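Chemist: Got a file for you: my_file-v8.cif, mmCIF, C-alpha atoms.
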data_target
loop_
_atom_site.label_atom_id
_atom_site.label_comp_id
_atom_site.auth_asym_id
_atom_site.auth_seq_id
_atom_site.Cartn_x
_atom_site.Cartn_y
_atom_site.Cartn_z
CA LYS A 125 75.71 -12.20 -46.55
CA GLU A 126 74.64 -13.50 -49.99
CA ARG A 127 75.61 -11.74 -53.24
CA HIS A 128 73.58 -12.09 -56.43
CA SER A 129 75.59 -13.08 -59.49
CA GLY A 130 74.42 -10.07 -61.51
CA TYR A 131 75.07 -7.50 -58.79
CA ARG A 132 77.97 -5.03 -59.15
CA PRO A 133 78.83 -3.59 -55.70
CA ALA A 134 80.40 -0.14 -55.36
CA LEU A 135 81.05 2.52 -52.75
CA ILE A 136 77.88 4.39 -53.71
CA ASP A 137 75.82 1.44 -52.45
CA PHE A 138 76.86 2.39 -48.91
CA ALA A 139 77.37 6.14 -49.26
CA ALA A 140 74.16 7.17 -51.01
CA PRO A 141 71.64 5.75 -48.48
CA ILE A 142 73.67 7.17 -45.58
CA LEU A 143 73.84 10.62 -47.19
CA VAL A 144 70.11 10.56 -47.89
CA LEU A 145 69.40 9.53 -44.30
CA ILE A 146 71.58 12.27 -42.80
CA GLY A 147 70.45 14.91 -45.27
CA VAL A 148 66.72 14.35 -44.88
CA ALA A 149 67.00 14.03 -41.09
CA VAL A 150 69.31 17.01 -40.50
CA ILE A 151 68.45 19.62 -43.14
CA PRO A 152 64.78 20.06 -42.05
CA ARG A 153 66.01 20.47 -38.48
CA LEU A 154 68.34 23.25 -39.57
CA LEU A 155 65.57 24.91 -41.55
CA GLN A 156 63.32 24.73 -38.48
CA SER A 157 66.00 26.31 -36.31
CA PHE A 158 66.09 29.29 -38.69
CA GLY A 159 62.30 29.48 -38.67
CA TRP A 160 61.97 28.65 -42.38
CA VAL A 161 59.79 25.54 -41.77
CA ARG A 162 57.38 24.78 -38.95
CA ASN A 163 58.09 21.06 -38.57
CA GLY A 164 61.60 19.73 -39.00
CA ASP A 165 60.98 16.24 -37.65
CA TRP A 166 61.48 14.10 -40.75
CA ILE A 167 63.13 11.10 -39.12
CA SER A 168 60.60 8.56 -40.43
CA GLU A 169 60.78 10.04 -43.92
CA ALA A 170 64.59 9.95 -43.77
CA PHE A 171 64.66 6.22 -43.02
CA ALA A 172 62.04 5.47 -45.68
CA LEU A 173 63.89 7.43 -48.37
CA SER A 174 67.20 5.86 -47.35
CA VAL A 175 65.77 2.36 -47.79
CA LEU A 176 64.19 3.34 -51.11
CA THR A 177 67.53 4.73 -52.30
CA ALA A 178 69.30 1.48 -51.42
CA VAL A 179 66.63 -0.55 -53.22
CA LEU A 180 66.88 1.56 -56.38
CA ILE A 181 70.68 1.40 -56.41
CA CYS A 182 70.70 -2.39 -56.05
CA TRP A 183 68.12 -2.74 -58.79
CA ARG A 184 69.99 -0.41 -61.15
CA ARG A 185 73.26 -2.30 -60.57
CA GLY A 186 71.92 -5.63 -61.73
CA MET A 187 70.07 -7.22 -58.85
CA PRO A 188 66.59 -8.51 -59.76
CA LEU A 189 63.76 -6.69 -58.02
CA ALA A 190 62.54 -9.94 -56.46
CA ALA A 191 65.98 -10.49 -54.89
CA VAL A 192 66.04 -6.90 -53.62
CA ILE A 193 62.63 -7.30 -51.96
CA ASP A 194 63.64 -10.67 -50.49
CA GLY A 195 66.77 -9.10 -48.99
CA PHE A 196 64.70 -6.24 -47.59
CA VAL A 197 62.28 -8.67 -45.91
CA LYS A 198 65.13 -10.70 -44.41
CA GLY A 199 66.73 -7.50 -43.13
CA CYS A 200 63.47 -6.44 -41.49
CA GLY A 201 63.28 -9.82 -39.78
CA ALA A 202 66.79 -9.48 -38.38
CA VAL A 203 66.09 -5.95 -37.13
CA THR A 204 62.82 -7.08 -35.54
CA ILE A 205 64.64 -9.69 -33.45
CA GLY A 206 67.15 -7.07 -32.34
CA ALA A 207 64.35 -4.63 -31.51
CA LEU A 208 62.64 -7.23 -29.31
CA ILE A 209 65.90 -7.94 -27.47
CA LEU A 210 66.43 -4.21 -27.04
CA ALA A 211 62.90 -3.74 -25.67
CA LEU A 212 63.44 -6.52 -23.13
CA ALA A 213 66.80 -4.98 -22.20
CA VAL A 214 65.16 -1.62 -21.52
CA THR A 215 62.56 -3.38 -19.36
CA ILE A 216 65.23 -5.09 -17.26
CA GLY A 217 67.10 -1.81 -16.86
CA GLU A 218 63.93 -0.01 -15.75
CA VAL A 219 63.17 -2.74 -13.19
CA SER A 220 66.69 -2.40 -11.76
CA LYS A 221 66.20 1.35 -11.52
CA GLN A 222 62.86 1.05 -9.73
CA LEU A 223 64.36 -1.37 -7.19
CA HIS A 224 67.10 1.19 -6.33
CA THR A 225 69.70 -1.56 -6.32
CA ALA A 226 72.50 0.85 -7.18
CA ASP A 227 71.68 3.13 -4.25
CA TRP A 228 71.89 0.19 -1.87
CA VAL A 229 75.25 -0.97 -3.27
CA VAL A 230 76.82 2.50 -2.98
CA ALA A 231 75.48 2.88 0.57
CA ARG A 232 77.16 -0.38 1.58
CA LEU A 233 80.34 0.86 -0.05
CA HIS A 234 80.33 3.94 2.19
CA ASP A 235 80.35 1.85 5.36
CA ASN A 236 82.99 -0.73 4.46
CA THR A 237 85.63 0.82 2.17
CA PRO A 238 88.91 2.56 3.16
CA ALA A 239 89.69 5.80 1.33
CA ILE A 240 92.66 4.31 -0.54
CA LEU A 241 90.47 1.57 -2.03
CA LEU A 242 87.51 3.77 -2.94
CA PRO A 243 88.54 4.50 -6.57
CA ALA A 244 88.96 0.79 -7.34
CA ALA A 245 85.73 0.00 -5.50
CA LEU A 246 83.86 2.66 -7.49
CA THR A 247 85.26 1.16 -10.70
CA PHE A 248 83.94 -2.31 -9.88
CA VAL A 249 80.61 -1.05 -8.55
CA SER A 250 80.05 1.05 -11.69
CA MET A 251 81.02 -1.95 -13.80
CA ALA A 252 78.45 -4.11 -12.04
CA ILE A 253 75.68 -1.52 -12.22
CA GLY A 254 76.40 -0.71 -15.88
CA PHE A 255 76.51 -4.41 -16.76
CA ALA A 256 73.25 -5.10 -14.93
CA THR A 257 71.34 -2.14 -16.35
CA GLY A 258 72.97 -1.91 -19.79
CA THR A 259 73.46 1.86 -19.70
CA SER A 260 76.45 4.04 -18.93
CA TRP A 261 74.46 7.27 -18.67
CA GLY A 262 72.00 5.64 -16.29
CA THR A 263 74.94 4.49 -14.19
CA TYR A 264 76.33 8.03 -14.12
CA ALA A 265 72.98 9.38 -12.97
CA VAL A 266 72.81 6.89 -10.13
CA VAL A 267 76.43 6.71 -8.95
CA PHE A 268 77.78 10.26 -9.35
CA PRO A 269 75.40 11.97 -6.86
CA LEU A 270 76.39 9.39 -4.25
CA ALA A 271 80.02 8.70 -5.10
CA MET A 272 81.38 12.24 -5.40
CA PRO A 273 80.14 13.49 -1.99
CA LEU A 274 81.39 10.22 -0.53
CA ALA A 275 84.84 10.74 -2.07
CA TRP A 276 85.04 14.34 -0.80
CA ALA A 277 83.92 13.27 2.67
CA MET A 278 86.61 10.60 2.84
CA ARG A 279 89.39 12.85 1.51
CA PRO A 280 88.69 16.53 0.68
CA ASP A 281 91.22 16.75 -2.12
CA GLU A 282 90.64 17.72 -5.78
CA HIS A 283 93.05 15.11 -7.13
CA TYR A 284 91.36 12.36 -5.15
CA ALA A 285 87.91 13.50 -6.34
CA LEU A 286 89.08 13.52 -9.98
CA VAL A 287 90.43 9.98 -9.68
CA CYS A 288 87.11 8.82 -8.22
CA PHE A 289 85.29 10.64 -11.02
CA GLY A 290 87.36 8.79 -13.62
CA ALA A 291 86.77 5.49 -11.84
CA VAL A 292 83.00 5.90 -12.17
CA VAL A 293 83.25 6.90 -15.84
CA GLY A 294 85.48 3.95 -16.73
CA GLY A 295 83.43 1.41 -14.84
CA ALA A 296 80.14 2.61 -16.31
CA VAL A 297 81.49 2.49 -19.88
CA PHE A 298 82.74 -1.06 -19.27
CA GLY A 299 79.27 -2.13 -18.21
CA ASP A 300 77.62 -0.41 -21.16
CA GLN A 301 79.93 -1.92 -23.78
CA CYS A 302 80.03 -5.46 -22.36
CA SER A 303 76.47 -5.94 -21.10
CA PRO A 304 74.28 -8.28 -23.19
CA ILE A 305 71.30 -5.99 -22.50
CA SER A 306 73.05 -2.81 -23.62
CA ASP A 307 71.67 -1.14 -26.75
CA THR A 308 75.17 -0.61 -28.17
CA THR A 309 76.11 -4.27 -27.64
CA ILE A 310 72.86 -5.56 -29.13
CA LEU A 311 72.92 -3.30 -32.17
CA SER A 312 76.62 -3.76 -32.94
CA SER A 313 76.34 -7.57 -32.81
CA MET A 314 73.12 -7.53 -34.81
CA PHE A 315 74.38 -5.33 -37.66
CA SER A 316 77.73 -7.13 -37.87
CA GLY A 317 75.99 -10.50 -38.14
CA CYS A 318 77.58 -11.78 -34.93
CA ASP A 319 75.79 -13.77 -32.26
CA LEU A 320 75.07 -11.56 -29.24
CA LEU A 321 76.60 -13.85 -26.62
CA ASP A 322 79.65 -14.55 -28.80
CA HIS A 323 80.14 -10.79 -29.05
CA VAL A 324 79.93 -10.44 -25.26
CA ARG A 325 82.25 -13.39 -24.60
CA THR A 326 84.97 -12.08 -26.91
CA GLN A 327 84.84 -8.60 -25.38
CA LEU A 328 84.87 -9.60 -21.72
CA PRO A 329 88.45 -10.96 -21.34
CA LEU A 330 90.03 -7.86 -22.87
CA ALA A 331 87.70 -5.44 -21.08
CA LEU A 332 88.24 -7.17 -17.72
CA ALA A 333 92.01 -7.01 -18.14
CA VAL A 334 91.85 -3.29 -18.89
CA ALA A 335 89.47 -2.73 -15.96
CA ALA A 336 91.86 -4.50 -13.59
CA CYS A 337 94.74 -2.32 -14.80
CA ALA A 338 92.59 0.79 -14.35
CA ALA A 339 91.67 -0.22 -10.80
CA ILE A 340 95.32 -0.78 -9.90
CA ALA A 341 96.34 2.52 -11.50
CA SER A 342 93.64 4.47 -9.68
CA THR A 343 94.75 2.96 -6.37
CA LEU A 344 98.37 3.92 -7.03
CA CYS A 345 97.28 7.46 -7.93
CA VAL A 346 95.78 8.05 -4.47
CA LEU A 347 98.58 6.58 -2.36
#
Starting from the file, lay out its structure as structure tokens.

Modeler:
Amino acid sequence: KERHSGYRPALIDFAAPILVLIGVAVIPRLLQSFGWVRNGDWISEAFALSVLTAVLICWRRGMPLAAVIDGFVKGCGAVTIGALILALAVTIGEVSKQLHTADWVVARLHDNTPAILLPAALTFVSMAIGFATGTSWGTYAVVFPLAMPLAWAMRPDEHYALVCFGAVVGGAVFGDQCSPISDTTILSSMFSGCDLLDHVRTQLPLALAVAACAAIASTLCVL
């Protein structure tokens, strides 16, 4: 957030470290796939060289080395906080998975939901599970094996099953993008310099409005 008076920013400051990161991470993998190298896992080296490239560029463009190192240390501190939050988020998600909360919710849904309301119900259930666990793919893994047979049992129709499929996808993505324990939410707020809860609060009204419209639309589609 602070700019040194002698520093001259340019596009290369952003492009060069990214290109180094992608090149060092991807090229060895390609060489390994062709059998030209035995070990193509250079992820750690890619990150190290990317950081070194950024440091050298800043130094060459007029920033004192002490200021570069100070910025690097502050950046590491910010990333460490985000990594701790992310680790705790993964822990909470794993606990929710071990408790089989999602299975219980979908089972209750089977007993108490009319066929016409199932798509909307699947949307809101997937939203809740995704928000609580912080993962869309984890929500898919839990809800799809239960929701799709349930949808076919209620109404054996391809159109109805596709609408229910879309309801699960939409609800799970809502939970992933709005959950304060989601990796995407944590990392996007951290790297944009935004407070995590402020990021969540500003997303929720818009996402909830869209989710409500999606639930209404899915209900109308199965009338």

Chemist: How many Å lie between atom CA of A:Thr204 and atom CA of A:Pro133, rounded to one decimal?

Modeler: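 Atom-to-atom, atom CA of A:Thr204 to atom CA of A:Pro133, that is 26.0 Å.
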
Chemist: Please identify all polymer residues within 10 Å of A:Arg185, counting all atoms listed in the file, omitting same-chain residues fewer than 6 positions from it, and present them as a list in words.

Modeler: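 Near neighbours after the sequence-gap exclusion: Gly130, Tyr131, Arg132, Pro133, Ala134 and Asp137 of chain A.
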
Chemist: I'd like the interatomic distance between atom CA of A:Leu270 and atom CA of A:Leu246, to a tenth of an Å.

Modeler: 10.6 Å

Chemist: Compare A:Leu173, A:Ile193, A:Ala275, A:Ile142 by their minimum atom-to-atom distance to A:Val346, counting only C-alpha atoms, and give me the closest one.

Modeler: A:Ala275

Chemist: Just checking: using all atoms listed in the file, which residue out of A:Gly262, A:Ala239, A:Ser312, A:Phe298 ends up closest to A:Leu330?

Modeler: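 Going through A:Gly262, A:Ala239, A:Ser312, A:Phe298 one by one, the smallest distance to A:Leu330 is for A:Phe298.
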
Chemist: Using the chain letters and numbering of this document, enumerate as an NGL selection string the residues selected by the PyMOL selection byres ((chain A and resi 309) around 12).

Modeler: :A and (206 or 209-210 or 213 or 255 or 258-259 or 297-308 or 310-316 or 318-328)

Chemist: Between atom CA of A:Pro141 and atom CA of A:Trp183, what is the distance, to one decimal in Å?

Modeler: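 For atom CA of A:Pro141 relative to atom CA of A:Trp183, the distance reads 13.8 Å.
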
Chemist: So that I can see what lies close to stretch 170-172 of chain A, please list as a ChimeraX atom specification the residues with an atom at most 7 Å from it, counting all atoms listed in the file and leaving out residues fewer than 2 positions away in the same chain.

Modeler: /A:144-145,148-149,166-168,174-176

Chemist: Quick check on the file I pasted: which residues fall under the PyMOL selection byres ((chain A and resi 342) around 12)? Write them as number ranges by chain.

Modeler: A: 239-248, 283-292, 294-295, 335-341, 343-347

Chemist: Under the rule that all atoms listed in the file are counted, which of A:Asp281, A:Thr177, A:Ile136, A:Tyr264 is the nearest residue to A:Met251?

Modeler: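 So, comparing all the options, the nearest one is A:Tyr264.
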
Chemist: My list of candidates is A:Ala140, A:Gly317, A:His224, A:Phe158. Which is closest to A:Val203 when distances are computed with all atoms listed in the file?

Modeler: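 Under the stated criterion, the closest residue is A:Gly317.
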
Chemist: Give me the residues near A:Pro152 as a list in words, where near means some atom within 9 Å (using only C-alpha atoms) and where sequence neighbours in that chain fewer than 2 positions away do not count.

Modeler: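 Contacts, in chain order: Gly147, Val148, Ala149, Val150, Leu154, Leu155, Gln156, Ser157, Val161, Asn163, Gly164, Asp165 and Trp166 of chain A.
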
Chemist: Looking at all atoms listed in the file, which of A:Thr257, A:Ser250, A:Thr237, A:Thr263 is the one that sits closest to A:Val219?

Modeler: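 Looking at the shortest contact to A:Val219, the residue is A:Thr257.
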